[in-house]
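What follows is one structure encoded as C-alpha cells, with my remarks underneath.
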Amino acid sequence: MMILAQNMSQPEELQQNAIQMTGVSFAVVDQYQDMIYRTALTMTRNHADAEDVLQEVFFKYFRLKPAFESESHQKAWFLRVTINECKNLMRSVWKRCRSELNFELYGKPENETQEDTPVLRAVMKLPEKYRIVIYLYYYEEYSVREISGITGQSEAAVSQQLVRGRKKLRKSLEGGES
C-alpha cells in the first residue's frame, strides 16, 4: 500500500483509497469473505464465478464506503449485494454463452476446499429459490423475517420456500427425484 501512495504518477483519488484501505478495511474482508464466497458458490455452483462475485462485492464496498447502523446491518448488506451480483452474473451474456468444464475429463480444481457430501450435492441441485433460503436459514442462521428482508420476499413466501426446499432435499437424499 505504501508503494502505491508514494508513486506520484497515480491519480490522487487512487492514492487516497490505497492509504485508507488499511487495518479496518482488511478486517472487514477477513470477516465476510467466507460468507460471501459460500453464498456466491451456493447460487452460482461454480468456484470461479463465486470468486468473481466475491471480488465485485468488495469492489462495491470499497467504492461506495457505506455506513452501517450495526454489524447485523452490515452483514445483511453484504448478503444482499452478493445475491444481486449473482443474479447479474446469471443474466449476463457471458454466463449464458459459455460452456462448463467437464471435471470428469480434466479433474477438479486443486484449490477446491469445500467438502463434497451427499447433503451438499443435494442442496446444490435444488432450484435457486429454494437453495438460497435454505443456505441463509441453515448456514448463516438467519430467521425467516431476516431472510424476507434480505431477499425482498414476504415472510410467507420464504416460509413456503423453506418447506418446499426441505421436501425436495429430503426426497433427493432418500433417492427419489427432486
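Naming works like this for the C-alpha cells: A, B, ... for the chains as they're shown, residue 1 at the start of each chain, ligands 1 onward in shown order.
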All residues 12 Å or closer to Glu146 (chain A), only C-alpha atoms, same chain fewer than 6 positions away omitted, as a VMD selection string:
chain A and resid 72 to 73 75 to 77 79 to 80 133 136 to 137 140 152 to 155 158 to 159
Near-Thr44 (chain A) list (10 Å; only C-alpha atoms; drop same-chain fewer than 5 positions) as a list in words:
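Listed by chain and then number, they are Arg38, Thr39, Asp49, Ala50, Val53, Ile83, Cys86, Lys87, Leu89, Met90, Met124 and Glu128 of chain A.
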Output file for the residues above (N, CA and C atoms, as a CSV table (one decimal), in the first residue's frame):
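Output file selection-v1.csv is given in full below:
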```csv
chain,number,residue,atom,x,y,z
A,38,ARG,N,-19.3,-18.4,0.1
A,38,ARG,CA,-20.2,-19.6,0.3
A,38,ARG,C,-21.5,-19.2,-0.3
A,39,THR,N,-22.0,-18.0,-0.1
A,39,THR,CA,-23.3,-17.6,-0.7
A,39,THR,C,-23.2,-17.6,-2.2
A,49,ASP,N,-16.9,-18.4,-10.7
A,49,ASP,CA,-17.9,-17.4,-10.6
A,49,ASP,C,-18.1,-16.9,-9.2
A,50,ALA,N,-18.0,-17.7,-8.2
A,50,ALA,CA,-18.1,-17.3,-6.8
A,50,ALA,C,-17.0,-16.3,-6.5
A,53,VAL,N,-17.7,-13.0,-8.1
A,53,VAL,CA,-18.8,-12.3,-7.3
A,53,VAL,C,-18.1,-11.7,-6.0
A,83,ILE,N,-26.1,-11.5,-3.4
A,83,ILE,CA,-27.3,-12.1,-4.1
A,83,ILE,C,-27.5,-11.3,-5.4
A,86,CYS,N,-24.8,-12.1,-8.0
A,86,CYS,CA,-25.0,-13.5,-8.5
A,86,CYS,C,-26.1,-13.4,-9.6
A,87,LYS,N,-27.2,-12.7,-9.3
A,87,LYS,CA,-28.3,-12.6,-10.3
A,87,LYS,C,-27.8,-11.9,-11.5
A,89,LEU,N,-24.8,-11.8,-12.7
A,89,LEU,CA,-23.9,-12.7,-13.4
A,89,LEU,C,-24.7,-13.8,-14.2
A,90,MET,N,-25.7,-14.3,-13.5
A,90,MET,CA,-26.6,-15.3,-14.2
A,90,MET,C,-27.3,-14.8,-15.4
A,124,MET,N,-27.0,-28.2,-3.6
A,124,MET,CA,-26.6,-27.6,-4.9
A,124,MET,C,-27.5,-27.9,-6.1
A,128,GLU,N,-32.7,-22.5,-7.5
A,128,GLU,CA,-32.1,-21.3,-6.9
A,128,GLU,C,-33.0,-20.8,-5.7
```
List as a ChimeraX atom specification the protein and nucleic acid residues near Lys167 (chain A), meaning an atom at most 12 Å away when only C-alpha atoms are counted, but skip any in the same chain fewer than 3 places from it.
/A:122-123,126,130,134,160-164,170-174,176-178
Store the residues picked out above in a file with N, CA and C atoms, as a compact mmCIF listing (two decimals), in the first residue's frame.
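Generated file (result36.txt):
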```txt
# COMPACT_ATOMS: atom_id res chain seq x y z
N ALA A 122 -26.89 -32.45 -2.82
CA ALA A 122 -28.35 -32.34 -2.93
C ALA A 122 -28.79 -30.87 -2.84
N VAL A 123 -28.20 -30.11 -1.92
CA VAL A 123 -28.54 -28.70 -1.79
C VAL A 123 -28.18 -27.95 -3.08
N LEU A 126 -30.75 -28.16 -5.86
CA LEU A 126 -32.05 -27.52 -5.68
C LEU A 126 -32.18 -26.31 -6.59
N TYR A 130 -35.06 -22.14 -3.74
CA TYR A 130 -35.00 -22.97 -2.53
C TYR A 130 -33.59 -23.00 -1.96
N ILE A 134 -32.57 -21.89 1.96
CA ILE A 134 -32.04 -22.96 2.82
C ILE A 134 -30.63 -22.59 3.29
N GLN A 160 -42.69 -20.75 2.86
CA GLN A 160 -43.13 -21.75 1.90
C GLN A 160 -41.96 -22.32 1.12
N GLN A 161 -41.00 -21.47 0.74
CA GLN A 161 -39.81 -21.96 0.03
C GLN A 161 -38.97 -22.87 0.92
N LEU A 162 -38.90 -22.56 2.20
CA LEU A 162 -38.19 -23.44 3.13
C LEU A 162 -38.87 -24.81 3.22
N VAL A 163 -40.19 -24.81 3.34
CA VAL A 163 -40.94 -26.07 3.42
C VAL A 163 -40.73 -26.88 2.15
N ARG A 164 -40.92 -26.25 1.00
CA ARG A 164 -40.77 -26.96 -0.28
C ARG A 164 -39.33 -27.39 -0.52
N ARG A 170 -35.16 -33.67 1.12
CA ARG A 170 -35.44 -34.97 1.73
C ARG A 170 -35.65 -36.03 0.64
N LYS A 171 -36.44 -35.69 -0.36
CA LYS A 171 -36.74 -36.62 -1.45
C LYS A 171 -35.46 -36.98 -2.22
N SER A 172 -34.63 -35.98 -2.44
CA SER A 172 -33.38 -36.20 -3.17
C SER A 172 -32.43 -37.09 -2.36
N LEU A 173 -32.35 -36.85 -1.04
CA LEU A 173 -31.46 -37.64 -0.20
C LEU A 173 -31.94 -39.07 0.00
N GLU A 174 -33.25 -39.27 -0.09
CA GLU A 174 -33.80 -40.60 0.05
C GLU A 174 -33.75 -41.39 -1.26
N GLY A 176 -35.09 -40.35 -4.31
CA GLY A 176 -36.12 -40.00 -5.29
C GLY A 176 -35.68 -38.82 -6.12
N GLU A 177 -36.43 -38.53 -7.13
CA GLU A 177 -36.16 -37.37 -7.97
C GLU A 177 -36.69 -36.12 -7.29
N SER A 178 -35.99 -35.00 -7.47
CA SER A 178 -36.46 -33.74 -6.92
C SER A 178 -37.22 -33.05 -8.00
```
So that I can check the surroundings of region 27-37 of chain A, please list as a VMD selection string every protein, DNA and RNA residue that reaches within 7 Å of it, counting only C-alpha atoms and ignoring chain neighbours fewer than 2 positions away.
chain A and resid 23 to 25 39 to 41 50 to 51 54 79 82
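For the pair CA of Met43 (chain A) and CA of Ala156 (chain A), the interatomic distance is 21.6 Å.
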Which of region 39-78 of chain A end up as helix (DSSP H, G or I) when DSSP is run on this backbone - answer as a PyMOL selection string?
chain A and resi 39-44+47-64+71-78
Report the distance between CA of Arg63 (chain A) and CA of Asn88 (chain A) in Å, rounded to one decimal place.
18.3 Å
